[in-house]
$ cat coords34.cif   # mmCIF, C-alpha atoms
data_query
loop_
_atom_site.label_atom_id
_atom_site.label_comp_id
_atom_site.auth_asym_id
_atom_site.auth_seq_id
_atom_site.Cartn_x
_atom_site.Cartn_y
_atom_site.Cartn_z
CA ILE S 1 72.33 141.45 124.14
CA ILE S 2 71.44 137.93 123.02
CA GLU S 3 73.54 138.37 119.88
CA TYR S 4 76.54 139.46 121.93
CA LYS S 5 76.17 136.45 124.23
CA GLN S 6 76.15 134.07 121.28
CA LEU S 7 79.17 135.76 119.73
CA LEU S 8 81.19 135.89 122.94
CA LYS S 9 80.79 132.13 123.33
CA SER S 10 82.60 131.50 120.03
CA GLN S 11 86.17 130.37 120.66
CA ARG S 12 87.19 130.96 117.06
CA PHE S 13 85.94 134.54 117.19
CA TRP S 14 88.02 135.28 120.29
CA GLY S 15 91.10 133.51 118.92
CA VAL S 16 91.17 135.32 115.59
CA LEU S 17 90.23 138.62 117.25
CA LEU S 18 93.05 138.47 119.82
CA ALA S 19 95.58 137.43 117.18
CA SER S 20 94.54 140.32 114.95
CA ALA S 21 94.48 142.81 117.85
CA LEU S 22 98.00 141.85 118.90
CA GLY S 23 99.25 142.03 115.32
CA SER S 24 97.73 145.44 114.74
CA GLY S 25 98.98 146.40 118.20
CA SER S 26 102.47 146.54 116.73
CA ILE S 27 101.34 149.33 114.42
CA PHE S 28 99.71 151.20 117.31
CA ILE S 29 102.93 150.88 119.32
CA TYR S 30 104.83 152.31 116.37
CA LEU S 31 102.33 155.15 116.01
CA GLY S 32 102.64 155.96 119.70
CA GLY S 33 106.44 156.02 119.90
CA GLY S 34 107.65 156.47 116.32
CA PRO S 35 107.47 160.29 116.22
CA PHE S 36 109.40 160.56 119.49
CA ILE S 37 112.06 158.15 118.25
CA GLY S 38 112.42 160.05 115.00
CA THR S 39 112.71 163.54 116.50
CA GLU S 40 114.49 162.88 119.81
CA ILE S 41 116.67 159.86 119.05
CA PHE S 42 117.50 160.27 115.36
CA ASP S 43 117.18 164.09 115.21
CA LEU S 44 114.97 164.11 112.13
CA SER S 45 113.44 167.30 110.84
CA PRO S 46 109.63 167.47 110.51
CA GLU S 47 109.93 166.98 106.75
CA GLN S 48 112.15 163.91 107.15
CA LEU S 49 109.94 162.47 109.87
CA GLY S 50 106.86 162.87 107.70
CA LEU S 51 108.62 161.05 104.85
CA TYR S 52 110.01 158.18 106.94
CA PHE S 53 106.97 157.78 109.14
CA GLY S 54 104.81 156.66 106.22
CA ALA S 55 107.04 153.66 105.48
CA PRO S 56 104.60 151.08 106.91
CA ALA S 57 101.89 152.40 104.59
CA ALA S 58 103.82 151.11 101.57
CA GLY S 59 104.11 147.67 103.11
CA TYR S 60 100.45 147.72 104.11
CA PHE S 61 99.44 148.48 100.52
CA VAL S 62 101.45 145.55 99.18
CA GLY S 63 100.13 143.23 101.90
CA ASN S 64 96.53 144.14 101.08
CA PHE S 65 97.15 143.59 97.38
CA LEU S 66 98.64 140.12 97.91
CA SER S 67 95.98 139.25 100.45
CA GLY S 68 93.28 139.70 97.84
CA ARG S 69 95.18 137.43 95.46
CA CYS S 70 96.27 134.66 97.85
CA SER S 71 93.59 134.37 100.56
CA GLU S 72 91.33 132.10 98.53
CA ARG S 73 94.24 129.82 97.67
CA PHE S 74 95.92 129.45 101.07
CA GLY S 75 93.04 130.10 103.46
CA VAL S 76 92.31 132.69 106.12
CA ASP S 77 94.24 131.06 108.97
CA ALA S 78 97.41 130.62 106.93
CA MET S 79 97.32 134.24 105.76
CA VAL S 80 96.80 135.56 109.30
CA PHE S 81 99.66 133.39 110.55
CA SER S 82 102.01 134.52 107.77
CA GLY S 83 101.08 138.17 108.35
CA LEU S 84 101.95 137.90 112.03
CA GLY S 85 105.23 136.27 111.03
CA PHE S 86 106.18 139.23 108.83
CA THR S 87 105.21 141.64 111.62
CA SER S 88 107.48 139.80 114.03
CA LEU S 89 110.24 139.66 111.42
CA GLY S 90 110.28 143.44 110.93
CA SER S 91 110.70 144.28 114.61
CA ALA S 92 113.19 141.42 115.11
CA LEU S 93 115.45 142.63 112.30
CA SER S 94 115.34 146.17 113.65
CA LEU S 95 116.26 144.88 117.11
CA ILE S 96 119.25 142.97 115.74
CA VAL S 97 120.55 146.03 113.90
CA SER S 98 120.06 148.25 116.95
CA TYR S 99 121.85 145.85 119.30
CA SER S 100 124.72 145.52 116.83
CA GLY S 101 125.30 149.29 117.04
CA TYR S 102 124.26 150.10 113.48
CA GLY S 103 120.79 151.40 114.28
CA SER S 104 119.73 154.46 112.32
CA SER S 105 116.63 156.17 111.09
CA LEU S 106 116.83 154.24 107.81
CA SER S 107 117.02 150.86 109.56
CA PHE S 108 114.32 151.70 112.11
CA PHE S 109 111.76 153.07 109.68
CA GLY S 110 112.82 150.81 106.82
CA PHE S 111 112.08 147.59 108.68
CA MET S 112 108.68 148.98 109.58
CA CYS S 113 107.72 148.16 105.99
CA PHE S 114 107.67 144.48 107.05
CA VAL S 115 105.37 145.40 109.94
CA GLY S 116 103.04 147.23 107.57
CA PHE S 117 103.12 144.31 105.13
CA GLY S 118 102.25 141.88 107.91
CA ASN S 119 99.31 143.98 109.05
CA GLY S 120 98.10 144.38 105.47
CA THR S 121 97.96 140.58 105.30
CA THR S 122 96.63 139.92 108.81
CA ILE S 123 93.83 142.43 109.28
CA PRO S 124 91.66 141.66 106.16
CA ASN S 125 91.86 137.90 106.70
CA ALA S 126 91.32 138.16 110.45
CA THR S 127 88.24 140.28 109.80
CA ALA S 128 86.92 137.61 107.46
CA GLY S 129 87.65 134.97 110.10
CA MET S 130 85.75 136.91 112.76
CA LEU S 131 82.73 137.36 110.50
CA SER S 132 82.70 133.67 109.56
CA ALA S 133 82.65 132.54 113.19
CA ARG S 134 78.94 133.41 113.38
CA PRO S 135 77.76 134.34 109.86
CA ASN S 136 74.32 135.36 111.11
CA LEU S 137 75.97 137.88 113.47
CA ALA S 138 78.43 139.39 110.98
CA GLY S 139 77.47 142.98 111.76
CA THR S 140 77.80 142.44 115.51
CA ALA S 141 81.14 140.68 115.05
CA SER S 142 82.46 143.51 112.87
CA GLY S 143 81.51 146.23 115.36
CA LEU S 144 82.68 144.39 118.47
CA GLY S 145 85.90 143.21 116.87
CA SER S 146 86.81 146.69 115.62
CA ALA S 147 86.09 148.22 119.03
CA ILE S 148 88.30 145.71 120.85
CA MET S 149 91.13 146.10 118.32
CA ILE S 150 91.11 149.90 118.54
CA GLY S 151 90.79 149.87 122.34
CA GLY S 152 93.65 147.41 122.73
CA GLY S 153 95.79 149.40 120.29
CA ALA S 154 95.14 152.61 122.23
CA ALA S 155 96.23 150.91 125.46
CA LEU S 156 99.45 149.65 123.87
CA SER S 157 100.14 153.07 122.40
CA ALA S 158 99.74 154.68 125.83
CA LEU S 159 102.03 152.03 127.35
CA THR S 160 104.68 152.88 124.77
CA GLY S 161 104.76 156.48 125.97
CA THR S 162 105.76 155.35 129.45
CA LEU S 163 108.60 153.12 128.24
CA VAL S 164 110.37 155.21 125.60
CA SER S 165 112.80 157.96 126.56
CA THR S 166 115.99 159.54 125.29
CA ASP S 167 118.00 157.26 127.61
CA THR S 168 116.46 153.98 126.47
CA GLY S 169 116.26 154.79 122.76
CA GLU S 170 114.19 152.69 120.40
CA ILE S 171 114.89 149.34 122.10
CA PRO S 172 111.82 149.23 124.43
CA LEU S 173 109.50 150.12 121.57
CA LEU S 174 110.90 147.35 119.39
CA TRP S 175 110.71 144.79 122.19
CA LEU S 176 107.10 145.70 122.86
CA MET S 177 106.28 145.33 119.16
CA GLU S 178 108.04 141.96 119.06
CA PHE S 179 106.24 140.72 122.17
CA SER S 180 102.86 141.72 120.76
CA ALA S 181 103.48 139.99 117.43
CA VAL S 182 104.86 136.78 118.99
CA LEU S 183 101.93 136.54 121.39
CA GLY S 184 99.59 136.87 118.40
CA ILE S 185 101.44 134.01 116.67
CA LEU S 186 101.03 131.77 119.72
CA ILE S 187 97.30 132.48 119.87
CA MET S 188 96.96 131.77 116.16
CA LEU S 189 98.76 128.44 116.64
CA LEU S 190 96.11 127.47 119.19
CA VAL S 191 93.38 128.49 116.74
CA THR S 192 94.81 126.37 113.91
CA GLN S 193 95.33 123.41 116.26
CA ARG S 194 91.70 123.58 117.33
CA GLN S 195 90.58 123.78 113.69
CA ARG S 196 92.56 120.60 112.90
CA LYS S 197 90.87 118.77 115.78
CA LEU S 198 87.43 119.86 114.62
CA ALA S 199 88.24 118.79 111.06
CA ALA S 200 89.43 115.37 112.29
CA GLN S 201 86.24 114.90 114.31
CA LYS S 202 84.18 115.85 111.27
CA ARG S 203 86.02 113.28 109.13
CA ARG S 204 85.43 110.54 111.71
CA THR S 205 81.75 111.44 111.86
CA THR S 206 81.55 111.31 108.06
CA LEU S 207 83.16 107.87 107.95
CA LYS S 208 80.70 106.55 110.52
CA THR S 209 77.70 107.80 108.58
CA THR S 210 78.94 106.57 105.18
CA PRO S 211 77.42 103.03 105.46
CA GLN S 212 74.05 104.52 106.29
CA ASP S 213 74.28 106.84 103.32
CA SER S 214 74.99 103.90 101.00
CA GLN S 215 71.70 102.24 102.05
CA ARG S 216 69.65 105.26 101.03
CA SER S 217 67.80 105.41 97.77
CA PRO S 218 69.25 107.58 94.98
CA PHE S 219 66.44 110.10 95.51
CA ILE S 220 67.27 110.52 99.23
CA ASN S 221 70.98 110.93 98.45
CA HIS S 222 70.11 113.57 95.87
CA VAL S 223 68.06 115.49 98.45
CA VAL S 224 70.90 115.29 100.98
CA LEU S 225 73.45 116.58 98.46
CA TYR S 226 71.06 119.39 97.52
CA HIS S 227 70.79 120.54 101.14
CA ILE S 228 74.56 120.36 101.58
CA LYS S 229 74.99 122.52 98.49
CA CYS S 230 72.46 125.04 99.81
CA ALA S 231 74.22 125.16 103.15
CA ARG S 232 77.45 126.16 101.41
CA GLN S 233 75.80 129.12 99.73
CA PRO S 234 76.44 132.59 101.23
CA ASN S 235 74.18 133.26 104.17
CA ILE S 236 71.72 136.02 103.26
CA SER S 237 71.13 136.85 106.92
CA ALA S 238 74.87 137.43 107.37
CA VAL S 239 74.88 139.96 104.54
CA ARG S 240 71.77 141.58 105.97
CA SER S 241 73.41 141.77 109.41
CA GLN S 242 76.51 143.37 107.91
CA ILE S 243 74.40 145.98 106.12
CA VAL S 244 72.54 146.73 109.34
CA GLY S 245 75.83 147.18 111.20
CA ILE S 246 77.17 149.61 108.58
CA ALA S 247 73.89 151.52 108.46
CA THR S 248 73.89 151.83 112.25
CA GLY S 249 77.39 153.31 112.20
CA VAL S 250 76.39 155.84 109.54
CA ARG S 251 73.31 156.83 111.54
CA LEU S 252 75.43 157.36 114.66
CA ILE S 253 77.84 159.62 112.77
CA LEU S 254 75.00 161.65 111.26
CA ALA S 255 73.34 161.93 114.69
CA ALA S 256 76.58 163.18 116.23
CA VAL S 257 77.03 165.81 113.50
CA PHE S 258 73.40 166.91 113.87
CA ALA S 259 73.72 167.20 117.66
CA GLN S 260 76.96 169.19 117.30
CA ASN S 261 75.30 171.67 114.94
CA MET S 262 72.25 171.99 117.19
CA ILE S 263 74.38 172.71 120.26
CA ALA S 264 76.53 175.17 118.32
CA GLY S 265 73.40 177.07 117.37
CA PHE S 266 72.67 177.86 121.01
CA LEU S 267 76.20 179.00 121.89
CA PRO S 268 77.69 182.48 121.45
CA HIS S 269 79.78 182.96 118.37
CA HIS S 270 83.12 182.79 120.20
CA ASP S 271 82.14 179.56 122.02
CA ARG S 272 81.02 177.62 118.96
CA TRP S 273 82.91 174.46 117.96
#

$ encode --input "coords34.cif" --output "structure tokens"
Amino acid sequence: IIEYKQLLKSQRFWGVLLASALGSGSIFIYLGGGPFIGTEIFDLSPEQLGLYFGAPAAGYFVGNFLSGRCSERFGVDAMVFSGLGFTSLGSALSLIVSYSGYGSSLSFFGFMCFVGFGNGTTIPNATAGMLSARPNLAGTASGLGSAIMIGGGAALSALTGTLVSTDTGEIPLLWLMEFSAVLGILIMLLVTQRQRKLAAQKRRTTLKTTPQDSQRSPFINHVVLYHIKCARQPNISAVRSQIVGIATGVRLILAAVFAQNMIAGFLPHHDRW
């Protein structure tokens, strides 16, 4: 409980988490309404729907690949922001085509590649941002962040089912995706603005302490630089916390499987799971 209280007080954790949840919410909205749009609006066969429906996966693969190459160069915040931009771009282009009267299954599912690309860029970097908010609580941040993202996505997916119908077409689904992505962009703008303020305050503090540092002996300055270097090293407790979080999840899964088998052993054959 104490760990959760410390984590919930982190503004950066909440900012990156909400931005990531809203970005991934676009995918959950698509998952909730995409099959209905494909079968009822565009009259796709099950084989065609299965082929088109996996379009975001291709974009997600490319986004993950580029994220691993570019995150260290451009930074976590910039990658999350750009990923949300691509997510918004995909739904916006699909909206424009649909309003112009040229909407089709190819345009609808094709532009979802941009949404998948954006999520492939956003989610890995947002996860890294959540874990870095409190490095000593990385396992707690990973579990809580994943639960909130999945819960929010499930709520958006259920909301999509109430908005989409054969009369409205794909327009409400696309607007909901666009609203979710744009709201994530606005939250990420607040996060980056706060980071700039904190960086400016840190620079001012450094400038104020510089004259004092110059009066220190070379040995004291060497000790200070050594401690700064040690502070930049990866936090062992963060890695340990992450391992504990993963191990806890594995234990819960094994416990659930064991309980299911135990219960099934006491049931008649036709009632077993």

$ closest_atom_pairs --input "coords34.cif" --of "region 12-35 of chain S" --to "region 156-164 of chain S" --cutoff "6 Å" --atoms "only C-alpha atoms" --output "tab-separated table"
residue	atom	partner	partner_atom	distance
S:Phe28	CA	S:Ser157	CA	5.4
S:Ile29	CA	S:Ser157	CA	4.7
S:Gly32	CA	S:Ser157	CA	4.7

$ atom_distance --input "coords34.cif" --atom1 "CA of Ser45 (chain S)" --atom2 "CA of Ser105 (chain S)"
11.6 Å

$ resolve_selection --input "coords34.cif" --expression "the PyMOL selection byres ((chain S and resi 55) around 9)" --output "ChimeraX atom specification"
/S:51-54,56-60,109-113,116

$ write_last_selection --input "coords34.cif" --atoms "C-alpha atoms" --output "PDB file, keeping the file's coordinate frame"
ATOM      1  CA  LEU S  51     108.620 161.050 104.850  1.00  0.00           C
ATOM      2  CA  TYR S  52     110.010 158.180 106.940  1.00  0.00           C
ATOM      3  CA  PHE S  53     106.970 157.780 109.140  1.00  0.00           C
ATOM      4  CA  GLY S  54     104.810 156.660 106.220  1.00  0.00           C
ATOM      5  CA  PRO S  56     104.600 151.080 106.910  1.00  0.00           C
ATOM      6  CA  ALA S  57     101.890 152.400 104.590  1.00  0.00           C
ATOM      7  CA  ALA S  58     103.820 151.110 101.570  1.00  0.00           C
ATOM      8  CA  GLY S  59     104.110 147.670 103.110  1.00  0.00           C
ATOM      9  CA  TYR S  60     100.450 147.720 104.110  1.00  0.00           C
ATOM     10  CA  PHE S 109     111.760 153.070 109.680  1.00  0.00           C
ATOM     11  CA  GLY S 110     112.820 150.810 106.820  1.00  0.00           C
ATOM     12  CA  PHE S 111     112.080 147.590 108.680  1.00  0.00           C
ATOM     13  CA  MET S 112     108.680 148.980 109.580  1.00  0.00           C
ATOM     14  CA  CYS S 113     107.720 148.160 105.990  1.00  0.00           C
ATOM     15  CA  GLY S 116     103.040 147.230 107.570  1.00  0.00           C
TER      16      GLY S 116
END

$ closest_residue --input "coords34.cif" --among "S:Tyr30, S:Phe36, S:Tyr4, S:Phe117" --to "Ser67 (chain S)" --atoms "only C-alpha atoms"
S:Phe117

$ atom_distance --input "coords34.cif" --atom1 "CA of Thr122 (chain S)" --atom2 "CA of Gly23 (chain S)"
7.3 Å

$ atom_distance --input "coords34.cif" --atom1 "CA of Leu31 (chain S)" --atom2 "CA of Phe61 (chain S)"
17.1 Å

$ residues_around --input "coords34.cif" --residues "region 174-191 of chain S" --least-positions-apart "4" --cutoff "8 Å" --atoms "all atoms listed in the file" --output "list in words"
Arg12, Gly15, Val16, Leu18, Ala19, Ser20, Ala21, Leu22, Gly23, Gly25, Ser26, Ile27, Ile29, Tyr30, Asp77, Val80, Phe81, Leu84, Gly85, Thr87, Ser88, Ser91, Ala92, Ser94, Leu95, Thr160, Glu170 and Gln195 of chain S

$ residues_around --input "coords34.cif" --residues "Met79 (chain S)" --least-positions-apart "2" --cutoff "10 Å" --atoms "all atoms listed in the file" --output "VMD selection string"
chain S and resid 66 to 67 70 to 77 81 to 85 118 121 to 126

$ closest_residue --input "coords34.cif" --among "S:Gly63, S:Gly103, S:Ala138, S:Gly129" --to "Val115 (chain S)" --atoms "only C-alpha atoms"
S:Gly63

$ closest_residue --input "coords34.cif" --among "S:Leu7, S:Met130, S:Ala147, S:Ile37" --to "Leu49 (chain S)" --atoms "only C-alpha atoms"
S:Ile37

$ residues_near_point --input "coords34.cif" --point "(81.0, 132.0, 113.0)" --cutoff "10 Å" --atoms "only C-alpha atoms" --output "PyMOL selection string"
chain S and resi 6-7+10-13+128-138+141+238

$ closest_residue --input "coords34.cif" --among "S:Asn64, S:Ser165, S:Ser104, S:Ser146" --to "Leu44 (chain S)" --atoms "all atoms listed in the file"
S:Ser104

$ decode --input "coords34.cif" --residues "region 194-207 of chain S" --atoms "all heavy atoms" --output "compact mmCIF listing (two decimals), in the first residue's frame"
# COMPACT_ATOMS: atom_id res chain seq x y z
N ARG S 194 5.88 20.50 -18.29
CA ARG S 194 6.34 20.37 -16.90
C ARG S 194 7.80 19.93 -16.85
O ARG S 194 8.57 20.40 -16.00
CB ARG S 194 5.46 19.36 -16.16
CG ARG S 194 5.85 19.17 -14.70
CD ARG S 194 4.89 18.24 -13.98
NE ARG S 194 5.28 18.03 -12.61
CZ ARG S 194 6.14 17.10 -12.21
NH1 ARG S 194 6.68 16.27 -13.12
NH2 ARG S 194 6.45 16.97 -10.94
N GLN S 195 8.21 19.05 -17.75
CA GLN S 195 9.61 18.60 -17.77
C GLN S 195 10.54 19.76 -18.10
O GLN S 195 11.64 19.86 -17.55
CB GLN S 195 9.78 17.48 -18.80
CG GLN S 195 9.17 16.15 -18.38
CD GLN S 195 9.82 15.60 -17.12
OE1 GLN S 195 9.19 15.50 -16.08
NE2 GLN S 195 11.08 15.23 -17.23
N ARG S 196 10.11 20.67 -19.00
CA ARG S 196 10.95 21.83 -19.32
C ARG S 196 11.10 22.74 -18.10
O ARG S 196 12.18 23.29 -17.84
CB ARG S 196 10.34 22.61 -20.48
CG ARG S 196 10.36 21.86 -21.81
CD ARG S 196 10.05 22.81 -22.95
NE ARG S 196 9.88 22.10 -24.21
CZ ARG S 196 8.71 21.77 -24.73
NH1 ARG S 196 7.59 22.10 -24.09
NH2 ARG S 196 8.64 21.12 -25.87
N LYS S 197 10.01 22.92 -17.35
CA LYS S 197 10.09 23.77 -16.15
C LYS S 197 11.03 23.16 -15.12
O LYS S 197 11.84 23.87 -14.51
CB LYS S 197 8.70 23.94 -15.55
CG LYS S 197 7.77 24.81 -16.40
CD LYS S 197 6.43 24.97 -15.72
CE LYS S 197 5.49 25.86 -16.54
NZ LYS S 197 4.17 26.02 -15.89
N LEU S 198 10.94 21.85 -14.92
CA LEU S 198 11.83 21.20 -13.96
C LEU S 198 13.28 21.28 -14.41
O LEU S 198 14.18 21.48 -13.58
CB LEU S 198 11.41 19.73 -13.79
CG LEU S 198 10.06 19.48 -13.12
CD1 LEU S 198 9.74 17.98 -13.10
CD2 LEU S 198 10.04 20.04 -11.71
N ALA S 199 13.51 21.15 -15.72
CA ALA S 199 14.88 21.26 -16.23
C ALA S 199 15.42 22.67 -16.05
O ALA S 199 16.60 22.86 -15.71
CB ALA S 199 14.92 20.86 -17.71
N ALA S 200 14.57 23.70 -16.26
CA ALA S 200 15.00 25.08 -16.07
C ALA S 200 15.32 25.35 -14.60
O ALA S 200 16.31 26.02 -14.28
CB ALA S 200 13.91 26.03 -16.56
N GLN S 201 14.51 24.84 -13.70
CA GLN S 201 14.79 25.00 -12.27
C GLN S 201 16.09 24.32 -11.88
O GLN S 201 16.87 24.84 -11.08
CB GLN S 201 13.63 24.44 -11.45
CG GLN S 201 12.34 25.22 -11.59
CD GLN S 201 11.20 24.58 -10.82
OE1 GLN S 201 11.36 23.54 -10.19
NE2 GLN S 201 10.02 25.20 -10.86
N LYS S 202 16.35 23.16 -12.47
CA LYS S 202 17.58 22.44 -12.17
C LYS S 202 18.80 23.22 -12.66
O LYS S 202 19.83 23.26 -11.99
CB LYS S 202 17.53 21.06 -12.82
CG LYS S 202 18.69 20.17 -12.45
CD LYS S 202 18.53 18.79 -13.05
CE LYS S 202 19.69 17.89 -12.67
NZ LYS S 202 19.54 16.53 -13.27
N ARG S 203 18.67 23.85 -13.85
CA ARG S 203 19.79 24.65 -14.37
C ARG S 203 20.05 25.86 -13.48
O ARG S 203 21.22 26.20 -13.22
CB ARG S 203 19.49 25.10 -15.80
CG ARG S 203 19.64 23.99 -16.84
CD ARG S 203 19.70 24.58 -18.24
NE ARG S 203 18.46 25.27 -18.57
CZ ARG S 203 17.43 24.70 -19.17
NH1 ARG S 203 17.48 23.41 -19.49
NH2 ARG S 203 16.34 25.40 -19.45
N ARG S 204 18.99 26.52 -13.01
CA ARG S 204 19.18 27.67 -12.13
C ARG S 204 19.84 27.25 -10.82
O ARG S 204 20.70 27.96 -10.29
CB ARG S 204 17.83 28.35 -11.87
CG ARG S 204 17.28 29.12 -13.06
CD ARG S 204 16.17 30.05 -12.64
NE ARG S 204 15.01 29.31 -12.15
CZ ARG S 204 13.99 28.94 -12.90
NH1 ARG S 204 13.98 29.24 -14.20
NH2 ARG S 204 12.98 28.28 -12.40
N THR S 205 19.43 26.11 -10.30
CA THR S 205 20.04 25.62 -9.07
C THR S 205 21.51 25.30 -9.28
O THR S 205 22.36 25.58 -8.43
CB THR S 205 19.29 24.37 -8.58
OG1 THR S 205 17.91 24.68 -8.42
CG2 THR S 205 19.87 23.88 -7.26
N THR S 206 21.84 24.75 -10.44
CA THR S 206 23.23 24.42 -10.75
C THR S 206 24.08 25.67 -10.86
O THR S 206 25.22 25.72 -10.37
CB THR S 206 23.29 23.62 -12.06
OG1 THR S 206 22.48 22.46 -11.96
CG2 THR S 206 24.72 23.21 -12.36
N LEU S 207 23.54 26.72 -11.48
CA LEU S 207 24.29 27.97 -11.61
C LEU S 207 24.53 28.62 -10.25
O LEU S 207 25.58 29.24 -10.02
CB LEU S 207 23.53 28.94 -12.52
CG LEU S 207 23.44 28.54 -13.99
CD1 LEU S 207 22.57 29.53 -14.76
CD2 LEU S 207 24.84 28.49 -14.61
